[in-house]
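What's in upload.pdb: PDB, C-alpha atoms
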```
ATOM      1  CA  MET U 898      -0.532  65.223 -26.507
ATOM      2  CA  LYS U 899      -1.012  65.949 -22.809
ATOM      3  CA  LEU U 900      -1.603  62.848 -20.733
ATOM      4  CA  GLY U 901      -3.582  62.386 -17.530
ATOM      5  CA  PHE U 902      -4.072  59.307 -15.339
ATOM      6  CA  VAL U 903      -7.258  58.367 -13.491
ATOM      7  CA  PHE U 904      -7.472  55.615 -10.885
ATOM      8  CA  PRO U 905     -10.652  53.632 -10.080
ATOM      9  CA  GLY U 906     -12.311  53.073  -6.725
ATOM     10  CA  GLN U 907     -14.373  50.413  -5.057
ATOM     11  CA  GLY U 908     -16.768  48.594  -7.381
ATOM     12  CA  SER U 909     -14.297  47.943 -10.222
ATOM     13  CA  GLN U 910     -12.919  44.759  -8.658
ATOM     14  CA  PHE U 911     -13.349  41.243 -10.085
ATOM     15  CA  VAL U 912     -11.816  37.864  -9.277
ATOM     16  CA  GLY U 913      -8.791  37.402 -11.542
ATOM     17  CA  MET U 914      -7.964  41.111 -11.753
ATOM     18  CA  GLY U 915      -4.302  41.665 -12.539
ATOM     19  CA  LYS U 916      -3.429  37.998 -12.988
ATOM     20  CA  ASP U 917      -2.457  38.320 -16.659
ATOM     21  CA  TYR U 918      -0.090  41.189 -15.813
ATOM     22  CA  TYR U 919       1.391  39.259 -12.888
ATOM     23  CA  GLU U 920       2.141  36.220 -15.020
ATOM     24  CA  LYS U 921       3.823  38.224 -17.784
ATOM     25  CA  TYR U 922       5.757  41.069 -16.133
ATOM     26  CA  GLU U 923       8.455  40.841 -13.463
ATOM     27  CA  CYS U 924       7.962  44.448 -12.293
ATOM     28  CA  VAL U 925       4.298  43.686 -11.592
ATOM     29  CA  ARG U 926       5.264  40.656  -9.498
ATOM     30  CA  GLU U 927       7.688  42.861  -7.565
ATOM     31  CA  VAL U 928       4.923  45.337  -6.653
ATOM     32  CA  TYR U 929       2.621  42.542  -5.451
ATOM     33  CA  ASN U 930       5.450  40.942  -3.450
ATOM     34  CA  LYS U 931       6.296  44.258  -1.762
ATOM     35  CA  ALA U 932       2.625  44.740  -0.877
ATOM     36  CA  ASN U 933       2.346  41.184   0.466
ATOM     37  CA  GLN U 934       5.294  41.790   2.809
ATOM     38  CA  ILE U 935       3.783  45.007   4.172
ATOM     39  CA  LEU U 936       0.273  43.538   4.551
ATOM     40  CA  GLY U 937       1.285  40.185   5.998
ATOM     41  CA  PHE U 938      -1.008  38.272   3.649
ATOM     42  CA  ASP U 939      -1.116  37.346  -0.038
ATOM     43  CA  ILE U 940      -3.120  40.071  -1.793
ATOM     44  CA  ALA U 941      -2.166  38.550  -5.153
ATOM     45  CA  LYS U 942      -3.818  35.224  -4.293
ATOM     46  CA  LEU U 943      -6.977  36.982  -3.070
ATOM     47  CA  SER U 944      -7.110  39.147  -6.203
ATOM     48  CA  PHE U 945      -6.526  36.286  -8.629
ATOM     49  CA  GLU U 946      -8.480  33.466  -6.953
ATOM     50  CA  GLY U 947     -11.002  35.070  -4.610
ATOM     51  CA  PRO U 948     -13.342  33.861  -3.294
ATOM     52  CA  GLU U 949     -15.515  36.733  -4.556
ATOM     53  CA  GLU U 950     -17.214  37.113  -1.175
ATOM     54  CA  ASP U 951     -13.843  37.842   0.466
ATOM     55  CA  LEU U 952     -12.632  40.106  -2.343
ATOM     56  CA  ASN U 953     -15.824  42.166  -2.048
ATOM     57  CA  GLN U 954     -15.224  42.997   1.615
ATOM     58  CA  THR U 955     -14.348  46.689   1.708
ATOM     59  CA  LYS U 956     -11.042  46.172   3.541
ATOM     60  CA  ASN U 957      -9.914  43.684   0.853
ATOM     61  CA  THR U 958     -11.471  45.405  -2.156
ATOM     62  CA  GLN U 959      -9.652  48.665  -1.577
ATOM     63  CA  MET U 960      -6.299  46.954  -1.183
ATOM     64  CA  ALA U 961      -6.718  44.727  -4.243
ATOM     65  CA  ILE U 962      -7.605  47.679  -6.470
ATOM     66  CA  LEU U 963      -4.798  49.824  -5.057
ATOM     67  CA  VAL U 964      -2.096  47.188  -5.601
ATOM     68  CA  MET U 965      -3.194  46.375  -9.149
ATOM     69  CA  SER U 966      -3.254  50.103  -9.983
ATOM     70  CA  LEU U 967       0.237  50.639  -8.547
ATOM     71  CA  ALA U 968       1.594  47.606 -10.391
ATOM     72  CA  ILE U 969       0.258  48.822 -13.730
ATOM     73  CA  VAL U 970       1.484  52.377 -13.210
ATOM     74  CA  GLU U 971       4.959  50.943 -12.509
ATOM     75  CA  LEU U 972       4.757  49.034 -15.777
ATOM     76  CA  LEU U 973       3.765  52.228 -17.595
ATOM     77  CA  LYS U 974       6.747  54.023 -16.030
ATOM     78  CA  GLN U 975       9.073  51.304 -17.313
ATOM     79  CA  ASN U 976       7.666  51.970 -20.780
ATOM     80  CA  ASN U 977       8.301  55.729 -20.384
ATOM     81  CA  ILE U 978       4.598  56.561 -20.171
ATOM     82  CA  GLN U 979       3.956  59.007 -17.337
ATOM     83  CA  ALA U 980       1.481  61.777 -16.604
ATOM     84  CA  ASP U 981       2.121  64.998 -14.712
ATOM     85  CA  ILE U 982      -1.496  65.220 -13.541
ATOM     86  CA  SER U 983      -3.803  62.551 -12.115
ATOM     87  CA  ALA U 984      -7.020  62.012 -10.192
ATOM     88  CA  GLY U 985      -8.847  59.097  -8.639
ATOM     89  CA  LEU U 986     -12.383  58.135  -7.730
ATOM     90  CA  SER U 987     -12.624  57.831  -3.934
ATOM     91  CA  LEU U 988     -10.038  55.129  -3.072
ATOM     92  CA  GLY U 989      -8.343  55.927  -6.402
ATOM     93  CA  GLU U 990      -7.126  59.224  -4.978
ATOM     94  CA  TYR U 991      -4.648  57.234  -2.853
ATOM     95  CA  SER U 992      -3.328  55.512  -5.996
ATOM     96  CA  ALA U 993      -2.788  58.970  -7.495
ATOM     97  CA  LEU U 994      -1.054  60.271  -4.354
ATOM     98  CA  ILE U 995       1.285  57.261  -4.246
ATOM     99  CA  TYR U 996       2.020  57.489  -7.986
ATOM    100  CA  SER U 997       2.907  61.159  -7.500
ATOM    101  CA  ASN U 998       5.100  60.316  -4.447
ATOM    102  CA  ILE U 999       3.086  62.607  -2.191
ATOM    103  CA  ILE U1000       2.604  59.452  -0.101
ATOM    104  CA  ASN U1001       5.291  56.758  -0.302
ATOM    105  CA  PHE U1002       4.484  53.169  -1.226
ATOM    106  CA  GLU U1003       4.755  51.577   2.220
ATOM    107  CA  ASP U1004       2.778  54.309   3.976
ATOM    108  CA  GLY U1005       0.179  54.169   1.218
ATOM    109  CA  ILE U1006      -0.353  50.439   1.592
ATOM    110  CA  LYS U1007      -0.639  50.737   5.368
ATOM    111  CA  ILE U1008      -3.074  53.671   5.380
ATOM    112  CA  VAL U1009      -5.367  52.195   2.720
ATOM    113  CA  GLN U1010      -5.499  48.935   4.688
ATOM    114  CA  LYS U1011      -6.685  50.951   7.697
ATOM    115  CA  ARG U1012      -9.064  53.062   5.612
ATOM    116  CA  GLY U1013     -10.798  49.987   4.206
ATOM    117  CA  THR U1014     -11.015  48.408   7.649
ATOM    118  CA  TYR U1015     -12.523  51.528   9.241
ATOM    119  CA  MET U1016     -15.026  51.996   6.413
ATOM    120  CA  GLN U1017     -16.118  48.374   6.824
ATOM    121  CA  GLU U1018     -16.150  48.158  10.610
ATOM    122  CA  CYS U1019     -17.438  51.636  11.526
ATOM    123  CA  LEU U1020     -20.675  51.506   9.561
ATOM    124  CA  PRO U1021     -23.534  52.862  11.654
ATOM    125  CA  LYS U1022     -26.396  50.507  12.455
ATOM    126  CA  GLY U1023     -29.194  50.561   9.945
ATOM    127  CA  ASN U1024     -30.214  49.465   6.481
ATOM    128  CA  TRP U1025     -28.200  51.465   3.958
ATOM    129  CA  SER U1026     -28.204  51.693   0.195
ATOM    130  CA  MET U1027     -26.938  53.682  -2.795
ATOM    131  CA  ALA U1028     -28.456  54.359  -6.199
ATOM    132  CA  ALA U1029     -27.200  55.739  -9.511
ATOM    133  CA  ILE U1030     -29.393  58.473 -10.995
ATOM    134  CA  LEU U1031     -29.073  58.967 -14.752
ATOM    135  CA  GLY U1032     -30.248  61.827 -16.902
ATOM    136  CA  LEU U1033     -30.809  64.640 -14.403
ATOM    137  CA  ASP U1034     -28.801  67.727 -13.552
ATOM    138  CA  ASP U1035     -26.989  67.928 -10.220
ATOM    139  CA  THR U1036     -29.163  70.700  -8.764
ATOM    140  CA  THR U1037     -32.412  68.808  -9.347
ATOM    141  CA  ILE U1038     -30.984  65.718  -7.636
ATOM    142  CA  GLU U1039     -29.826  67.791  -4.672
ATOM    143  CA  ASP U1040     -33.233  69.479  -4.355
ATOM    144  CA  VAL U1041     -35.185  66.229  -4.587
ATOM    145  CA  CYS U1042     -33.028  64.559  -1.906
ATOM    146  CA  LYS U1043     -34.013  67.405   0.439
ATOM    147  CA  GLN U1044     -37.687  66.603  -0.182
ATOM    148  CA  VAL U1045     -37.405  62.972   0.966
ATOM    149  CA  THR U1046     -39.404  62.259   4.149
ATOM    150  CA  LYS U1047     -38.441  58.640   4.855
ATOM    151  CA  GLY U1048     -34.958  59.248   6.239
ATOM    152  CA  PHE U1049     -31.438  60.333   5.325
ATOM    153  CA  VAL U1050     -30.324  60.517   1.684
ATOM    154  CA  VAL U1051     -27.797  62.791  -0.045
ATOM    155  CA  PRO U1052     -25.740  62.922  -3.265
ATOM    156  CA  ALA U1053     -22.471  61.017  -2.708
ATOM    157  CA  ASN U1054     -20.706  60.742  -6.075
ATOM    158  CA  TYR U1055     -20.870  63.284  -8.897
ATOM    159  CA  ASN U1056     -19.553  60.853 -11.501
ATOM    160  CA  CYS U1057     -20.035  62.490 -14.881
ATOM    161  CA  GLN U1058     -22.438  64.556 -16.920
ATOM    162  CA  GLY U1059     -25.910  63.162 -16.177
ATOM    163  CA  GLN U1060     -24.896  60.633 -13.534
ATOM    164  CA  VAL U1061     -24.923  61.091  -9.752
ATOM    165  CA  ALA U1062     -24.938  58.396  -7.053
ATOM    166  CA  ILE U1063     -27.084  59.039  -3.981
ATOM    167  CA  SER U1064     -26.507  57.377  -0.616
ATOM    168  CA  GLY U1065     -28.419  56.923   2.622
ATOM    169  CA  GLU U1066     -31.038  54.887   4.470
ATOM    170  CA  LYS U1067     -32.606  52.284   2.198
ATOM    171  CA  GLU U1068     -36.209  53.520   2.528
ATOM    172  CA  ALA U1069     -35.074  57.083   1.869
ATOM    173  CA  VAL U1070     -33.031  56.013  -1.180
ATOM    174  CA  LEU U1071     -36.018  54.098  -2.588
ATOM    175  CA  GLN U1072     -38.292  57.117  -2.075
ATOM    176  CA  ALA U1073     -35.716  59.403  -3.687
ATOM    177  CA  MET U1074     -35.481  57.069  -6.689
ATOM    178  CA  GLU U1075     -39.241  57.367  -7.282
ATOM    179  CA  LEU U1076     -39.249  61.141  -6.814
ATOM    180  CA  LEU U1077     -36.284  61.512  -9.144
ATOM    181  CA  LYS U1078     -37.959  59.425 -11.836
ATOM    182  CA  ASP U1079     -40.999  61.686 -11.479
ATOM    183  CA  ALA U1080     -38.646  64.668 -11.869
ATOM    184  CA  GLY U1081     -37.381  63.307 -15.192
ATOM    185  CA  ALA U1082     -34.545  60.907 -14.451
ATOM    186  CA  LYS U1083     -33.989  58.478 -17.327
ATOM    187  CA  ARG U1084     -33.044  55.698 -14.921
ATOM    188  CA  ALA U1085     -32.629  55.149 -11.190
ATOM    189  CA  ILE U1086     -30.612  52.014 -10.355
ATOM    190  CA  GLU U1087     -30.112  50.673  -6.851
ATOM    191  CA  LEU U1088     -26.463  49.674  -6.360
ATOM    192  CA  LYS U1089     -24.969  46.634  -4.632
ATOM    193  CA  THR U1090     -23.446  48.399  -1.651
ATOM    194  CA  SER U1091     -24.279  48.330   2.026
ATOM    195  CA  GLY U1092     -22.750  51.507   3.387
ATOM    196  CA  PRO U1093     -23.523  55.253   3.350
ATOM    197  CA  PHE U1094     -20.144  56.015   1.804
ATOM    198  CA  HIS U1095     -19.107  59.650   1.317
ATOM    199  CA  THR U1096     -21.746  60.928   3.732
ATOM    200  CA  SER U1097     -21.683  62.302   7.274
ATOM    201  CA  LYS U1098     -22.764  58.874   8.551
ATOM    202  CA  LEU U1099     -19.126  57.714   8.322
ATOM    203  CA  GLN U1100     -17.878  60.277  10.837
ATOM    204  CA  GLU U1101     -16.422  57.595  13.135
ATOM    205  CA  ALA U1102     -14.424  56.101  10.260
ATOM    206  CA  SER U1103     -13.221  59.598   9.335
ATOM    207  CA  ASP U1104     -12.051  60.295  12.894
ATOM    208  CA  LYS U1105     -10.159  57.001  13.130
ATOM    209  CA  LEU U1106      -8.599  57.546   9.718
ATOM    210  CA  TYR U1107      -7.394  61.001  10.760
ATOM    211  CA  GLU U1108      -5.657  59.482  13.789
ATOM    212  CA  ALA U1109      -4.009  56.832  11.594
ATOM    213  CA  LEU U1110      -2.896  59.455   9.078
ATOM    214  CA  GLN U1111      -0.755  61.079  11.780
ATOM    215  CA  GLU U1112       1.553  58.064  11.509
ATOM    216  CA  ILE U1113       2.439  58.563   7.838
ATOM    217  CA  GLN U1114       4.671  61.038   6.041
ATOM    218  CA  ILE U1115       3.358  63.500   3.467
ATOM    219  CA  ASN U1116       6.028  64.448   0.929
ATOM    220  CA  LYS U1117       6.417  67.788  -0.800
ATOM    221  CA  ILE U1118       4.486  68.022  -4.060
ATOM    222  CA  ALA U1119       6.970  68.177  -6.914
ATOM    223  CA  ASP U1120       6.333  67.724 -10.634
ATOM    224  CA  LYS U1121       3.235  65.509 -10.529
ATOM    225  CA  LYS U1122      -0.090  67.146  -9.653
ATOM    226  CA  VAL U1123      -3.073  65.393  -8.067
ATOM    227  CA  ILE U1124      -6.640  66.703  -8.232
ATOM    228  CA  LYS U1125      -8.569  66.034  -5.052
ATOM    229  CA  ASN U1126     -12.092  64.611  -4.948
ATOM    230  CA  ILE U1127     -13.347  66.885  -2.224
ATOM    231  CA  ASP U1128     -13.378  70.084  -4.312
ATOM    232  CA  ALA U1129     -11.823  69.132  -7.695
ATOM    233  CA  THR U1130      -8.815  71.436  -7.184
ATOM    234  CA  GLU U1131      -5.137  70.455  -7.095
ATOM    235  CA  TYR U1132      -3.396  69.532  -3.880
ATOM    236  CA  ALA U1133      -0.989  72.255  -2.770
ATOM    237  CA  ASN U1134       1.953  72.080  -0.379
ATOM    238  CA  ASP U1135       0.180  74.287   2.152
ATOM    239  CA  ASP U1136      -2.904  72.015   2.232
ATOM    240  CA  ASP U1137      -3.638  70.016   5.369
ATOM    241  CA  ILE U1138      -3.569  66.827   3.309
ATOM    242  CA  LYS U1139      -4.221  64.518   6.261
ATOM    243  CA  ARG U1140      -7.355  66.440   7.228
ATOM    244  CA  ILE U1141      -8.515  66.503   3.603
ATOM    245  CA  LEU U1142      -8.108  62.719   3.310
ATOM    246  CA  ALA U1143     -10.033  62.166   6.556
ATOM    247  CA  ASN U1144     -12.826  64.467   5.350
ATOM    248  CA  HIS U1145     -12.782  62.655   2.014
ATOM    249  CA  VAL U1146     -14.822  59.717   3.375
ATOM    250  CA  ILE U1147     -17.655  61.971   4.650
ATOM    251  CA  ASN U1148     -17.949  64.300   1.652
ATOM    252  CA  PRO U1149     -19.234  63.710  -1.879
ATOM    253  CA  VAL U1150     -16.801  62.797  -4.658
ATOM    254  CA  LYS U1151     -16.501  65.544  -7.299
ATOM    255  CA  PHE U1152     -15.167  63.329 -10.076
ATOM    256  CA  LYS U1153     -16.889  65.104 -12.966
ATOM    257  CA  LYS U1154     -15.362  68.452 -11.972
ATOM    258  CA  SER U1155     -11.987  66.746 -11.460
ATOM    259  CA  ILE U1156     -12.024  65.583 -15.086
ATOM    260  CA  GLU U1157     -13.156  69.017 -16.256
ATOM    261  CA  ASN U1158     -10.208  70.528 -14.367
ATOM    262  CA  MET U1159      -7.776  68.144 -16.081
ATOM    263  CA  ILE U1160      -9.211  69.027 -19.486
ATOM    264  CA  ALA U1161      -9.039  72.749 -18.699
ATOM    265  CA  GLN U1162      -5.302  72.271 -18.126
ATOM    266  CA  GLY U1163      -4.891  70.870 -21.631
ATOM    267  CA  VAL U1164      -5.196  67.127 -21.008
ATOM    268  CA  ASP U1165      -6.407  65.474 -24.207
ATOM    269  CA  THR U1166      -5.551  61.822 -23.477
ATOM    270  CA  ILE U1167      -6.512  59.912 -20.316
ATOM    271  CA  ILE U1168      -5.507  56.428 -19.164
ATOM    272  CA  GLU U1169      -7.627  54.634 -16.558
ATOM    273  CA  ILE U1170      -5.169  52.630 -14.466
ATOM    274  CA  GLY U1171      -6.510  49.571 -12.644
ATOM    275  CA  PRO U1172      -9.353  47.089 -13.000
ATOM    276  CA  GLY U1173     -12.479  47.808 -15.018
ATOM    277  CA  LYS U1174     -13.308  50.659 -17.363
ATOM    278  CA  VAL U1175     -16.010  52.544 -15.465
ATOM    279  CA  LEU U1176     -13.995  55.764 -15.311
ATOM    280  CA  SER U1177     -13.304  55.606 -19.052
ATOM    281  CA  GLY U1178     -17.067  55.788 -19.551
ATOM    282  CA  PHE U1179     -17.354  58.719 -17.131
ATOM    283  CA  VAL U1180     -14.633  60.609 -19.011
ATOM    284  CA  LYS U1181     -16.289  60.064 -22.397
ATOM    285  CA  LYS U1182     -19.649  61.226 -21.034
ATOM    286  CA  THR U1183     -17.998  64.337 -19.621
ATOM    287  CA  ASN U1184     -16.131  65.163 -22.854
ATOM    288  CA  LYS U1185     -16.495  62.936 -25.903
ATOM    289  CA  ASP U1186     -13.459  64.481 -27.613
ATOM    290  CA  ILE U1187     -10.962  63.138 -25.070
ATOM    291  CA  ARG U1188      -8.939  60.096 -26.117
ATOM    292  CA  VAL U1189      -9.400  57.450 -23.409
ATOM    293  CA  PHE U1190      -7.643  54.142 -22.694
ATOM    294  CA  ASN U1191      -8.130  51.550 -19.959
ATOM    295  CA  THR U1192      -5.756  48.949 -18.520
ATOM    296  CA  ASN U1193      -8.319  46.301 -17.558
ATOM    297  CA  ASN U1194      -6.220  43.552 -19.182
ATOM    298  CA  ILE U1195      -2.992  43.014 -21.115
ATOM    299  CA  GLU U1196      -4.697  43.441 -24.488
ATOM    300  CA  ALA U1197      -5.871  46.914 -23.484
ATOM    301  CA  PHE U1198      -2.390  47.717 -22.129
ATOM    302  CA  GLU U1199      -0.688  46.648 -25.335
ATOM    303  CA  GLN U1200      -3.014  48.928 -27.296
ATOM    304  CA  ILE U1201      -1.733  51.825 -25.180
ATOM    305  CA  LEU U1202       1.867  50.870 -25.963
ATOM    306  CA  SER U1203       1.192  50.666 -29.685
ATOM    307  CA  GLU U1204      -0.620  54.000 -29.831
ATOM    308  CA  LEU U1205       1.360  56.137 -27.374
ATOM    309  CA  LYS U1206       4.977  54.995 -27.543
TER     310      LYS U1206
END
```
Take the structure in the file and write it out as structure tokens.
Amino acid sequence: MKLGFVFPGQGSQFVGMGKDYYEKYECVREVYNKANQILGFDIAKLSFEGPEEDLNQTKNTQMAILVMSLAIVELLKQNNIQADISAGLSLGEYSALIYSNIINFEDGIKIVQKRGTYMQECLPKGNWSMAAILGLDDTTIEDVCKQVTKGFVVPANYNCQGQVAISGEKEAVLQAMELLKDAGAKRAIELKTSGPFHTSKLQEASDKLYEALQEIQINKIADKKVIKNIDATEYANDDDIKRILANHVINPVKFKKSIENMIAQGVDTIIEIGPGKVLSGFVKKTNKDIRVFNTNNIEAFEQILSELK
């Protein structure tokens, strides 16, 4: 068995996430308490009790998902379950970088807090939307987006085989959805998000994030590899990691290719670490032969222990 970890991004959150782990495991409580001290507020309370409207604010969502993911990965470590290769979807890349000690815990908490704040506060004026397109190849989606006449729209997330999320101005996204259905898409689903994430429209957020990244330390990559969203290749010690992370918010997420890279390196078992099980579905759609687990709740975690230990 060769094990890989994947870490979810924004959209997987729910009120109550992580509470069952927190109540049962001391090491989980320790991670939340460390995060609370760095943040200056109680991320555990927000994660467990909401309100949902506050949890769904980008600056809070990203932090809640990050801390739950880091708490669970610590619990896995204590049970001698570790992976030497990992990837994340958007925000999840930071979870992977912290797990791999390329970014230390305190710096990781601080930079993700700033990232979420910039992505929330630096949205350009306008009416923005995203949509998931199912059942079309990547090239067709790219070509159709170029044909849209009602504004800006581009592919933003290459999630898995047959699923791409597009992002842009609402009227343009709606037009693209109709054109893509005409081109053969099985479904086109408008998503509940208000920002043009992973597009050039977040340039201001990218610039501010790059400035903030100058304040953190990047550690030498050792035994744990991380595959980056921006091009689905592994981070290397000669990469300008701070520039890559700043560019990350204005470039599409290549998650499907990231999973294909992991599989090409022999990974046959993948654990999704954090809330939800969206990435588990993406992995199975990319390669149905891969064994996949999620950690959405304690029951799912205990299944991992029984099958992998």
Counting all atoms listed in the file, find residues at most 12 Å from (-11.3, 37.8, -1.7) (file frame) and give them as a PyMOL selection string. chain U and resi 910-914+938-962
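Take the candidates U:Glu1131, U:Asp1004, U:Glu1087, U:Asp1079 and check each one against U:Lys1067 using all atoms listed in the file; the shortest distance goes to U:Glu1087.
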Using all atoms listed in the file: which of U:Ile1138, U:Leu972, U:Val903, U:Ala1197 has the shortest distance to U:Ile1113: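 For U:Ile1113, the nearest of the given residues is U:Ile1138.
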Skipping near chain neighbours, those fewer than 3 positions away, what residues fall within 10 Å of U:Ala993 using all atoms listed in the file, listed as a PyMOL selection string? chain U and resi 902-905+963+966-967+970+982-986+988-990+996-1000+1121-1125+1170
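On the file presented, the PyMOL selection byres ((chain U and resi 1161) around 12) picks out U:Lys899, U:Gly901, U:Ile982, U:Ala1129, U:Thr1130, U:Lys1154, U:Ser1155, U:Ile1156, U:Glu1157, U:Asn1158, U:Met1159, U:Ile1160, U:Gln1162, U:Gly1163, U:Val1164, U:Asp1165, U:Asn1184, U:Ile1187.
Taking atom CA of U:Glu927 and atom CA of U:Gly915 as endpoints, the distance between them is 13.0 Å.
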Decode the PyMOL selection byres ((chain U and resi 1025) around 8) for the given file into explicit residues and return them as a VMD selection string. chain U and resid 1023 to 1024 1026 to 1027 1064 to 1067 1090 to 1093
Using all atoms listed in the file: which of U:Arg1188, U:Ile935, U:Asn1193, U:Asp1137 has the shortest distance to U:Met965: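 Residue with the minimum atom-to-atom distance to U:Met965: U:Asn1193.
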Determine, counting only C-alpha atoms, which protein, DNA and RNA residues have an atom within 10 Å of an atom of U:Ile978; residues of the same chain fewer than 3 positions away are not included. Present the result as a PDB file with C-alpha atoms, keeping the file's coordinate frame.
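selection_4.pdb was written with the following content:
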```pdb
ATOM      1  CA  LEU U 900      -1.603  62.848 -20.733  1.00  0.00           C
ATOM      2  CA  VAL U 970       1.484  52.377 -13.210  1.00  0.00           C
ATOM      3  CA  GLU U 971       4.959  50.943 -12.509  1.00  0.00           C
ATOM      4  CA  LEU U 972       4.757  49.034 -15.777  1.00  0.00           C
ATOM      5  CA  LEU U 973       3.765  52.228 -17.595  1.00  0.00           C
ATOM      6  CA  LYS U 974       6.747  54.023 -16.030  1.00  0.00           C
ATOM      7  CA  GLN U 975       9.073  51.304 -17.313  1.00  0.00           C
ATOM      8  CA  ILE U1201      -1.733  51.825 -25.180  1.00  0.00           C
ATOM      9  CA  LEU U1202       1.867  50.870 -25.963  1.00  0.00           C
ATOM     10  CA  LEU U1205       1.360  56.137 -27.374  1.00  0.00           C
ATOM     11  CA  LYS U1206       4.977  54.995 -27.543  1.00  0.00           C
TER      12      LYS U1206
END
```
